[in-house]
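Structure below is upload22.cif: mmCIF, C-alpha atoms and all ligand atoms.
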data_protein
#
loop_
_atom_site.group_PDB
_atom_site.id
_atom_site.type_symbol
_atom_site.label_atom_id
_atom_site.label_comp_id
_atom_site.auth_asym_id
_atom_site.auth_seq_id
_atom_site.Cartn_x
_atom_site.Cartn_y
_atom_site.Cartn_z
ATOM 1 C CA MET A 246 0.000 0.000 0.000
ATOM 2 C CA LEU A 247 2.990 2.297 0.594
ATOM 3 C CA ASP A 248 5.994 2.251 -1.687
ATOM 4 C CA ILE A 249 9.033 4.373 -1.032
ATOM 5 C CA LYS A 250 11.301 4.095 -4.025
ATOM 6 C CA ASN A 251 14.900 5.265 -3.969
ATOM 7 C CA VAL A 252 14.068 8.299 -1.859
ATOM 8 C CA SER A 253 16.857 10.722 -1.018
ATOM 9 C CA LYS A 254 16.744 13.905 1.031
ATOM 10 C CA THR A 255 19.750 16.109 1.709
ATOM 11 C CA PHE A 256 19.687 19.217 3.862
ATOM 12 C CA PHE A 257 21.950 22.152 2.979
ATOM 13 C CA PRO A 258 23.385 20.430 -0.112
ATOM 14 C CA GLY A 259 26.740 21.643 -1.311
ATOM 15 C CA THR A 260 27.513 23.503 1.916
ATOM 16 C CA PRO A 261 29.768 22.575 4.844
ATOM 17 C CA ASN A 262 26.558 21.697 6.759
ATOM 18 C CA GLU A 263 25.364 19.224 4.127
ATOM 19 C CA LYS A 264 23.463 16.345 5.707
ATOM 20 C CA LYS A 265 22.223 13.349 3.739
ATOM 21 C CA ALA A 266 19.194 12.496 5.881
ATOM 22 C CA LEU A 267 17.765 9.813 3.547
ATOM 23 C CA LYS A 268 19.985 7.857 1.164
ATOM 24 C CA SER A 269 18.197 6.100 -1.733
ATOM 25 C CA LEU A 270 15.793 4.553 0.726
ATOM 26 C CA ASN A 271 13.454 1.777 -0.388
ATOM 27 C CA LEU A 272 10.564 0.489 1.681
ATOM 28 C CA HIS A 273 7.353 -1.356 0.897
ATOM 29 C CA LEU A 274 4.469 -1.629 3.348
ATOM 30 C CA ASP A 275 1.525 -3.999 3.007
ATOM 31 C CA LYS A 276 -1.986 -2.934 3.981
ATOM 32 C CA ASP A 277 -1.937 -4.895 7.245
ATOM 33 C CA ASP A 278 1.530 -3.759 8.323
ATOM 34 C CA PHE A 279 2.079 -2.110 11.704
ATOM 35 C CA VAL A 280 5.766 -1.227 11.511
ATOM 36 C CA THR A 281 7.766 -0.013 14.475
ATOM 37 C CA ILE A 282 10.828 2.098 13.691
ATOM 38 C CA ILE A 283 13.913 2.453 15.829
ATOM 39 C CA GLY A 284 17.316 3.992 15.310
ATOM 40 C CA SER A 285 20.015 6.260 16.607
ATOM 41 C CA ASN A 286 19.717 10.051 16.884
ATOM 42 C CA GLY A 287 19.740 11.636 13.471
ATOM 43 C CA ALA A 288 19.093 8.307 11.693
ATOM 44 C CA GLY A 289 16.452 9.926 9.487
ATOM 45 C CA LYS A 290 13.295 8.559 11.152
ATOM 46 C CA SER A 291 11.423 11.868 11.414
ATOM 47 C CA THR A 292 12.670 12.929 7.980
ATOM 48 C CA LEU A 293 11.155 9.740 6.589
ATOM 49 C CA PHE A 294 7.805 10.720 8.152
ATOM 50 C CA ASN A 295 8.194 14.273 6.865
ATOM 51 C CA VAL A 296 8.668 13.122 3.286
ATOM 52 C CA ILE A 297 5.781 10.652 3.534
ATOM 53 C CA GLY A 298 3.481 13.269 5.105
ATOM 54 C CA GLY A 299 4.595 15.952 2.657
ATOM 55 C CA ALA A 300 6.224 18.371 5.100
ATOM 56 C CA PHE A 301 9.370 18.036 2.942
ATOM 57 C CA TYR A 302 9.655 17.212 -0.719
ATOM 58 C CA VAL A 303 12.165 14.548 -1.682
ATOM 59 C CA ASP A 304 15.237 15.375 -3.792
ATOM 60 C CA LYS A 305 15.058 12.081 -5.640
ATOM 61 C CA GLY A 306 12.796 9.057 -5.780
ATOM 62 C CA ALA A 307 9.066 8.507 -5.478
ATOM 63 C CA ILE A 308 6.398 7.856 -2.869
ATOM 64 C CA LEU A 309 3.327 5.866 -3.848
ATOM 65 C CA LEU A 310 0.240 5.353 -1.708
ATOM 66 C CA ASP A 311 -2.058 2.636 -2.996
ATOM 67 C CA LYS A 312 -0.152 2.844 -6.278
ATOM 68 C CA LYS A 313 -0.923 6.579 -6.590
ATOM 69 C CA ASN A 314 2.169 8.750 -6.947
ATOM 70 C CA ILE A 315 1.947 11.326 -4.131
ATOM 71 C CA THR A 316 5.559 12.551 -4.395
ATOM 72 C CA GLY A 317 4.609 16.034 -5.588
ATOM 73 C CA LEU A 318 1.476 16.492 -3.470
ATOM 74 C CA PRO A 319 1.591 19.148 -0.731
ATOM 75 C CA ASP A 320 0.998 18.018 2.854
ATOM 76 C CA TYR A 321 -2.564 19.349 3.109
ATOM 77 C CA LYS A 322 -3.558 17.213 0.131
ATOM 78 C CA ARG A 323 -1.995 14.128 1.693
ATOM 79 C CA ALA A 324 -3.608 14.773 5.105
ATOM 80 C CA TYR A 325 -6.893 13.129 4.170
ATOM 81 C CA ASN A 326 -5.117 9.799 3.637
ATOM 82 C CA ILE A 327 -2.256 10.185 6.092
ATOM 83 C CA GLY A 328 -2.746 10.870 9.813
ATOM 84 C CA ARG A 329 0.235 11.967 11.883
ATOM 85 C CA LEU A 330 0.714 12.149 15.620
ATOM 86 C CA MET A 331 3.702 13.988 17.059
ATOM 87 C CA GLN A 332 5.586 13.614 20.319
ATOM 88 C CA ASP A 333 4.272 16.856 21.801
ATOM 89 C CA PRO A 334 0.757 16.424 23.277
ATOM 90 C CA MET A 335 0.272 20.194 22.834
ATOM 91 C CA LYS A 336 0.338 19.771 19.053
ATOM 92 C CA GLY A 337 -2.496 18.417 16.951
ATOM 93 C CA THR A 338 -5.433 19.818 18.924
ATOM 94 C CA ALA A 339 -6.972 23.287 19.295
ATOM 95 C CA PRO A 340 -6.623 24.030 23.032
ATOM 96 C CA SER A 341 -9.336 26.677 23.276
ATOM 97 C CA MET A 342 -11.919 24.427 21.636
ATOM 98 C CA THR A 343 -13.810 21.678 23.461
ATOM 99 C CA ILE A 344 -13.117 17.964 23.028
ATOM 100 C CA GLU A 345 -16.315 17.665 21.038
ATOM 101 C CA GLU A 346 -15.424 20.601 18.770
ATOM 102 C CA ASN A 347 -11.954 19.209 18.129
ATOM 103 C CA LEU A 348 -13.405 15.853 17.097
ATOM 104 C CA ALA A 349 -16.009 17.593 14.913
ATOM 105 C CA LEU A 350 -13.269 19.598 13.233
ATOM 106 C CA ALA A 351 -11.274 16.447 12.470
ATOM 107 C CA TYR A 352 -14.393 14.608 11.317
ATOM 108 C CA SER A 353 -15.380 17.468 9.010
ATOM 109 C CA ARG A 354 -12.202 16.883 6.984
ATOM 110 C CA GLN A 355 -13.917 13.923 5.348
ATOM 111 C CA SER A 356 -16.968 16.028 4.518
ATOM 112 C CA THR A 357 -17.221 17.728 1.172
ATOM 113 C CA LYS A 358 -19.025 20.669 2.804
ATOM 114 C CA GLY A 359 -15.761 21.991 4.198
ATOM 115 C CA PHE A 360 -17.181 23.163 7.523
ATOM 116 C CA PHE A 361 -18.050 21.487 10.767
ATOM 117 C CA ALA A 362 -21.248 21.540 12.753
ATOM 118 C CA LEU A 363 -22.336 19.671 15.844
ATOM 119 C CA ASN A 364 -25.420 17.535 15.519
ATOM 120 C CA LYS A 365 -26.982 14.877 17.702
ATOM 121 C CA LYS A 366 -25.936 11.932 15.564
ATOM 122 C CA ASP A 367 -22.299 12.993 15.346
ATOM 123 C CA THR A 368 -22.222 13.904 19.059
ATOM 124 C CA SER A 369 -23.285 10.403 20.012
ATOM 125 C CA PHE A 370 -20.638 9.024 17.624
ATOM 126 C CA TYR A 371 -17.970 11.157 19.347
ATOM 127 C CA ARG A 372 -19.266 10.030 22.748
ATOM 128 C CA SER A 373 -18.919 6.366 21.767
ATOM 129 C CA LEU A 374 -15.398 6.951 20.436
ATOM 130 C CA LEU A 375 -14.388 8.712 23.645
ATOM 131 C CA ALA A 376 -15.966 5.960 25.775
ATOM 132 C CA SER A 377 -13.785 3.409 23.944
ATOM 133 C CA LEU A 378 -10.704 5.160 25.355
ATOM 134 C CA ASP A 379 -11.835 4.236 28.870
ATOM 135 C CA LEU A 380 -10.558 7.550 30.273
ATOM 136 C CA GLY A 381 -13.959 9.010 31.237
ATOM 137 C CA LEU A 382 -13.676 11.693 28.538
ATOM 138 C CA GLU A 383 -17.137 10.850 27.190
ATOM 139 C CA ASN A 384 -18.471 12.737 30.226
ATOM 140 C CA ARG A 385 -16.290 15.782 29.563
ATOM 141 C CA MET A 386 -17.102 16.576 25.959
ATOM 142 C CA LYS A 387 -17.609 20.276 26.710
ATOM 143 C CA THR A 388 -14.200 20.555 28.397
ATOM 144 C CA LYS A 389 -11.620 22.631 26.563
ATOM 145 C CA VAL A 390 -8.794 20.446 25.294
ATOM 146 C CA GLY A 391 -6.275 22.852 26.820
ATOM 147 C CA HIS A 392 -7.505 21.744 30.252
ATOM 148 C CA LEU A 393 -6.658 18.077 29.684
ATOM 149 C CA SER A 394 -3.550 16.237 30.852
ATOM 150 C CA GLY A 395 -0.872 15.318 28.292
ATOM 151 C CA GLY A 396 -2.056 11.701 28.119
ATOM 152 C CA GLN A 397 -5.732 12.650 27.747
ATOM 153 C CA ARG A 398 -4.795 15.110 25.056
ATOM 154 C CA GLN A 399 -2.710 12.559 23.163
ATOM 155 C CA ALA A 400 -5.645 10.124 23.314
ATOM 156 C CA VAL A 401 -7.972 12.774 21.833
ATOM 157 C CA THR A 402 -5.376 13.552 19.142
ATOM 158 C CA LEU A 403 -5.211 9.850 18.292
ATOM 159 C CA LEU A 404 -8.977 9.811 17.795
ATOM 160 C CA MET A 405 -8.748 12.954 15.659
ATOM 161 C CA CYS A 406 -6.016 11.403 13.488
ATOM 162 C CA THR A 407 -8.017 8.241 12.887
ATOM 163 C CA ILE A 408 -11.637 9.470 12.878
ATOM 164 C CA SER A 409 -11.707 9.771 9.087
ATOM 165 C CA SER A 410 -10.080 6.356 8.644
ATOM 166 C CA PRO A 411 -6.875 7.463 6.919
ATOM 167 C CA LYS A 412 -5.006 4.873 4.875
ATOM 168 C CA LEU A 413 -1.791 5.420 6.789
ATOM 169 C CA LEU A 414 -1.050 6.476 10.358
ATOM 170 C CA LEU A 415 2.352 7.936 11.299
ATOM 171 C CA LEU A 416 3.150 7.927 15.016
ATOM 172 C CA ASP A 417 6.283 9.928 15.807
ATOM 173 C CA GLU A 418 7.345 8.979 19.346
ATOM 174 C CA HIS A 419 3.813 9.867 20.398
ATOM 175 C CA THR A 420 4.243 8.542 23.943
ATOM 176 C CA ALA A 421 7.757 9.906 24.571
ATOM 177 C CA ALA A 422 6.594 12.955 26.541
ATOM 178 C CA LEU A 423 4.289 10.953 28.825
ATOM 179 C CA ASP A 424 4.995 9.264 32.155
ATOM 180 C CA PRO A 425 5.490 5.460 31.860
ATOM 181 C CA ALA A 426 2.002 4.499 33.122
ATOM 182 C CA THR A 427 0.251 6.972 30.808
ATOM 183 C CA ALA A 428 2.508 5.964 27.903
ATOM 184 C CA LYS A 429 1.473 2.328 28.438
ATOM 185 C CA LYS A 430 -2.180 3.299 28.393
ATOM 186 C CA ILE A 431 -1.806 5.355 25.202
ATOM 187 C CA LEU A 432 0.056 2.472 23.521
ATOM 188 C CA LYS A 433 -2.810 0.135 24.440
ATOM 189 C CA ILE A 434 -5.329 2.641 23.029
ATOM 190 C CA THR A 435 -3.160 2.935 19.900
ATOM 191 C CA THR A 436 -3.107 -0.801 19.235
ATOM 192 C CA ASP A 437 -6.872 -1.048 19.904
ATOM 193 C CA ILE A 438 -7.650 1.738 17.422
ATOM 194 C CA VAL A 439 -5.228 0.439 14.797
ATOM 195 C CA SER A 440 -6.581 -3.097 14.906
ATOM 196 C CA LYS A 441 -10.232 -1.967 14.985
ATOM 197 C CA SER A 442 -9.838 0.535 12.141
ATOM 198 C CA GLN A 443 -7.286 -1.618 10.251
ATOM 199 C CA ILE A 444 -5.064 1.331 9.415
ATOM 200 C CA THR A 445 -1.572 0.688 8.069
ATOM 201 C CA THR A 446 0.687 2.124 10.757
ATOM 202 C CA MET A 447 4.286 3.245 11.203
ATOM 203 C CA MET A 448 5.440 4.062 14.723
ATOM 204 C CA ILE A 449 8.778 5.620 15.650
ATOM 205 C CA THR A 450 9.662 4.693 19.200
ATOM 206 C CA HIS A 451 12.649 4.989 21.488
ATOM 207 C CA ASP A 452 11.327 2.085 23.565
ATOM 208 C CA ILE A 453 13.008 -0.993 22.089
ATOM 209 C CA ASN A 454 10.811 -3.455 23.966
ATOM 210 C CA ALA A 455 7.680 -1.727 22.700
ATOM 211 C CA ALA A 456 9.192 -1.765 19.197
ATOM 212 C CA LEU A 457 9.666 -5.524 19.336
ATOM 213 C CA SER A 458 6.333 -6.341 20.946
ATOM 214 C CA LEU A 459 3.888 -4.017 19.166
ATOM 215 C CA GLY A 460 2.871 -4.412 15.558
ATOM 216 C CA ASN A 461 4.096 -7.105 13.160
ATOM 217 C CA ARG A 462 7.336 -5.700 11.801
ATOM 218 C CA THR A 463 10.325 -3.662 13.017
ATOM 219 C CA ILE A 464 12.783 -1.652 11.003
ATOM 220 C CA MET A 465 15.980 -0.102 12.244
ATOM 221 C CA MET A 466 17.355 3.002 10.577
ATOM 222 C CA ASP A 467 20.825 4.430 10.683
ATOM 223 C CA ASP A 468 22.431 7.277 8.798
ATOM 224 C CA GLY A 469 19.575 7.633 6.318
ATOM 225 C CA GLU A 470 19.256 3.929 5.554
ATOM 226 C CA VAL A 471 17.162 0.969 6.663
ATOM 227 C CA ILE A 472 19.703 -1.448 8.121
ATOM 228 C CA LEU A 473 17.327 -4.075 9.520
ATOM 229 C CA ASP A 474 13.796 -5.111 8.563
ATOM 230 C CA ILE A 475 12.357 -8.017 10.527
ATOM 231 C CA LYS A 476 9.054 -9.778 11.003
ATOM 232 C CA GLY A 477 7.697 -13.257 11.772
ATOM 233 C CA GLU A 478 9.951 -15.741 13.538
ATOM 234 C CA GLU A 479 13.047 -13.588 13.153
ATOM 235 C CA ARG A 480 11.342 -10.761 15.023
ATOM 236 C CA LYS A 481 9.842 -13.076 17.616
ATOM 237 C CA ASN A 482 13.321 -14.330 18.464
ATOM 238 C CA MET A 483 14.848 -10.842 18.558
ATOM 239 C CA THR A 484 15.871 -9.360 21.914
ATOM 240 C CA VAL A 485 17.146 -5.927 22.908
ATOM 241 C CA GLU A 486 20.600 -7.422 23.453
ATOM 242 C CA LYS A 487 20.675 -9.104 20.021
ATOM 243 C CA LEU A 488 19.558 -5.850 18.387
ATOM 244 C CA LEU A 489 22.335 -3.871 20.023
ATOM 245 C CA THR A 490 24.897 -6.506 19.035
ATOM 246 C CA TYR A 491 23.582 -6.523 15.466
ATOM 247 C CA TYR A 492 23.877 -2.733 15.311
ATOM 248 C CA SER A 493 27.431 -2.577 16.641
ATOM 249 C CA LYS A 494 28.597 -5.363 14.277
ATOM 250 C CA GLU A 495 26.842 -3.839 11.262
ATOM 251 C CA ARG A 496 27.847 -0.218 11.874
ATOM 252 C CA ASN A 497 31.018 -0.640 13.880
ATOM 253 C CA LYS A 498 29.775 1.699 16.622
ATOM 254 C CA GLN A 499 27.362 1.671 19.548
ATOM 255 C CA LEU A 500 23.717 2.598 19.082
ATOM 256 C CA ALA A 501 23.369 6.150 20.369
ATOM 257 C CA ASN A 502 19.981 7.626 21.151
ATOM 258 C CA ASP A 503 19.631 9.943 24.128
ATOM 259 C CA ARG A 504 16.022 8.865 24.649
ATOM 260 C CA MET A 505 16.466 5.134 24.079
ATOM 261 C CA LEU A 506 14.724 2.849 26.579
ATOM 262 C CA LEU A 507 16.363 -0.544 26.673
ATOM 263 C CA SER A 508 14.430 -2.240 29.459
HETATM 264 N N1 LIG B 601 14.724 20.758 8.786
HETATM 265 C C1 LIG B 601 15.985 20.335 8.823
HETATM 266 N N2 LIG B 601 17.007 21.138 8.431
HETATM 267 C C2 LIG B 601 18.274 20.709 8.449
HETATM 268 N N3 LIG B 601 18.650 19.484 8.856
HETATM 269 C C3 LIG B 601 17.701 18.638 9.265
HETATM 270 C C4 LIG B 601 16.316 19.015 9.278
HETATM 271 N N4 LIG B 601 15.586 17.971 9.736
HETATM 272 C C5 LIG B 601 16.468 16.991 10.007
HETATM 273 N N5 LIG B 601 17.731 17.386 9.723
HETATM 274 C C6 LIG B 601 18.949 16.593 9.865
HETATM 275 O O1 LIG B 601 18.745 15.346 9.196
HETATM 276 C C7 LIG B 601 19.259 14.259 9.954
HETATM 277 C C8 LIG B 601 18.134 13.289 10.265
HETATM 278 O O2 LIG B 601 17.272 13.923 11.225
HETATM 279 P P1 LIG B 601 15.937 13.237 11.756
HETATM 280 O O3 LIG B 601 15.234 14.249 12.594
HETATM 281 O O4 LIG B 601 15.207 12.650 10.628
HETATM 282 O O5 LIG B 601 16.526 12.060 12.650
HETATM 283 P P2 LIG B 601 15.790 11.108 13.699
HETATM 284 O O6 LIG B 601 16.168 9.709 13.340
HETATM 285 O O7 LIG B 601 14.335 11.408 13.731
HETATM 286 O O8 LIG B 601 16.529 11.516 15.035
HETATM 287 P P3 LIG B 601 16.042 11.620 16.567
HETATM 288 O O9 LIG B 601 15.884 10.219 17.068
HETATM 289 O O10 LIG B 601 17.174 12.305 17.226
HETATM 290 O O11 LIG B 601 14.771 12.404 16.589
HETATM 291 C C9 LIG B 601 19.881 14.881 11.196
HETATM 292 O O12 LIG B 601 21.264 15.028 10.977
HETATM 293 C C10 LIG B 601 19.207 16.219 11.321
HETATM 294 O O13 LIG B 601 20.044 17.179 11.932
#

Output the file's structure in the form of structure tokens.
Amino acid sequence: MLDIKNVSKTFFPGTPNEKKALKSLNLHLDKDDFVTIIGSNGAGKSTLFNVIGGAFYVDKGAILLDKKNITGLPDYKRAYNIGRLMQDPMKGTAPSMTIEENLALAYSRQSTKGFFALNKKDTSFYRSLLASLDLGLENRMKTKVGHLSGGQRQAVTLLMCTISSPKLLLLDEHTAALDPATAKKILKITTDIVSKSQITTMMITHDINAALSLGNRTIMMDDGEVILDIKGEERKNMTVEKLLTYYSKERNKQLANDRMLLS
């Protein structure tokens, strides 16, 4: 469903600050893939999401979504098919609007009318979505999102990203700013939503155990390249220790990520 073909992205080309963030990267995702992505600082993980989401254009190569070439499409045209959740819970929602209004705004993106309105039918739909989070937010629909905790806000953002059933969901360390208990809860909500809505998903995480246990496939990036791509038995038998050993043998250095969680 997603094909990344020979994609390269270089920042500040031809200057002393030149940085090849993606180097002729190839990646194919199937419809039912839930891919976790790990890698060292500066490996190119967020850049990969930025070129898929359209925040950056690629220098070379092509990106195809369901065989449609989206390489030249601006981000707002890709947003209908691609949902993205960032690390910062303060991003992705409108803080001065209520939970219900935020959901209505996200839901209206699939409407051809181009505006949002609250009606009884949609309100009960939002209430049922919120109830599925099991955070009690279905009873706080008139609460401004700015008054929610980081975890509650990230859960609402997840609903907003998936309410229009995008084809692809990009999760960029979306639990990294949360405390461990809340992060666990949001990861559980994430897997519930992804499996219920059957959205192809890519999740960057610094938590190696979560990377190996969630989803069906794990890729490791380094220096703009995919250096490991595992699923099935190979992934089942993978451990944090084996991953670190693989990395140091393959790259001749230690995996360095200042946010990496190894246990
Ligand atoms: N907008 C930008 N302008 C210039 N350089 C950039 C930009 N975005 C990323 N880079 C550079 O590209 C390289 C890849 O960065 P990227 O953010 O994709 O890495 P990452 O794997 O997400 O790292 P981290 O785990 O630290 O978030 C880095 O060297 C980074 O400094």

Leu375 (chain A) surroundings by all atoms listed in the file, 9 Å radius, close-in-sequence under 5 positions cut, as a PyMOL selection string
chain A and resi 370+380-384+386+400-401+404

So which residues touch Phe279 (chain A) within 6 Å, counting only C-alpha atoms, skipping near sequence neighbours fewer than 6 positions away, as number ranges by chain?
A: 445-447, 460-461

Centre and edges of the region 439-448 of chain A box, axis-aligned, 5 Å extra per side, as JSON:
{"center_x": -2.4, "center_y": 0.5, "center_z": 11.5, "size_x": 25.7, "size_y": 17.2, "size_z": 16.9}

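Comparing A:Ala288, A:Val485, A:Met448, A:Ala351 by their smallest distance to Lys264 (chain A), the closest is A:Ala288 (using all atoms listed in the file).
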
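Of the residues under consideration (A:Lys250, A:Lys290, A:Lys322, A:Lys430), A:Lys290 shows the shortest atom-to-atom contact distance to ligand LIG 601 (chain B) when counting only C-alpha atoms and all ligand atoms.
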
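Residue nearest Asp379 (chain A), chosen from A:Ile434, A:Leu350, A:Leu363, A:Met405 and counting only C-alpha atoms: A:Ile434.
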
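Interatomic distance, CA of Thr420 (chain A) against CA of Ser369 (chain A): 27.9 Å.
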
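Between ligand LIG 601 (chain B) and the residues A:Asp417, A:Asp367, A:Glu486, A:Glu495, the shortest atom-to-atom distance, using only C-alpha atoms and all ligand atoms, involves A:Asp417.
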
Measuring atom to atom with all atoms listed in the file, identify which of A:Gly328, A:Gly477, A:Pro261, A:Gly284 is nearest to ligand LIG 601 (chain B).
A:Gly284

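Remark: for ligand LIG 601 (chain B), the closest of the candidate residues A:Thr316, A:Glu478, A:Ala421, A:Ser269 is A:Ala421 (distances computed over only C-alpha atoms and all ligand atoms).
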
Identify, on the basis of all atoms listed in the file, every residue whose closest approach to Arg385 (chain A) does not exceed 10 Å; exclude the query and any residue fewer than 3 positions from it along the same chain; express the result as a PyMOL selection string.
chain A and resi 343-345+372+375+381-382+388-390+393

Which residues come within 8 Å of region 296-304 of chain A, counting all atoms listed in the file, excluding same-chain residues fewer than 5 positions away, as a PDB file with C-alpha atoms, in the coordinates of the input?
ATOM      1  CA  VAL A 252      14.068   8.299  -1.859  1.00  0.00           C
ATOM      2  CA  SER A 253      16.857  10.722  -1.018  1.00  0.00           C
ATOM      3  CA  LYS A 254      16.744  13.905   1.031  1.00  0.00           C
ATOM      4  CA  THR A 255      19.750  16.109   1.709  1.00  0.00           C
ATOM      5  CA  THR A 316       5.559  12.551  -4.395  1.00  0.00           C
ATOM      6  CA  GLY A 317       4.609  16.034  -5.588  1.00  0.00           C
ATOM      7  CA  LEU A 318       1.476  16.492  -3.470  1.00  0.00           C
ATOM      8  CA  PRO A 319       1.591  19.148  -0.731  1.00  0.00           C
ATOM      9  CA  ASP A 320       0.998  18.018   2.854  1.00  0.00           C
ATOM     10  CA  TYR A 321      -2.564  19.349   3.109  1.00  0.00           C
ATOM     11  CA  ARG A 323      -1.995  14.128   1.693  1.00  0.00           C
ATOM     12  CA  ALA A 324      -3.608  14.773   5.105  1.00  0.00           C
ATOM     13  CA  ILE A 327      -2.256  10.185   6.092  1.00  0.00           C
ATOM     14  CA  ARG A 329       0.235  11.967  11.883  1.00  0.00           C
TER      15      ARG A 329
END

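Taking CA of Ser291 (chain A) as the reference point, CA of His451 (chain A) is found at 12.3 Å.
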
Please identify every polymer residue within 9 Å of ligand LIG 601 (chain B), using all atoms listed in the file, and present the set as a PyMOL selection string.
chain A and resi 254-257+262-267+283-295+301+417-418+449-451+466-469+502-505
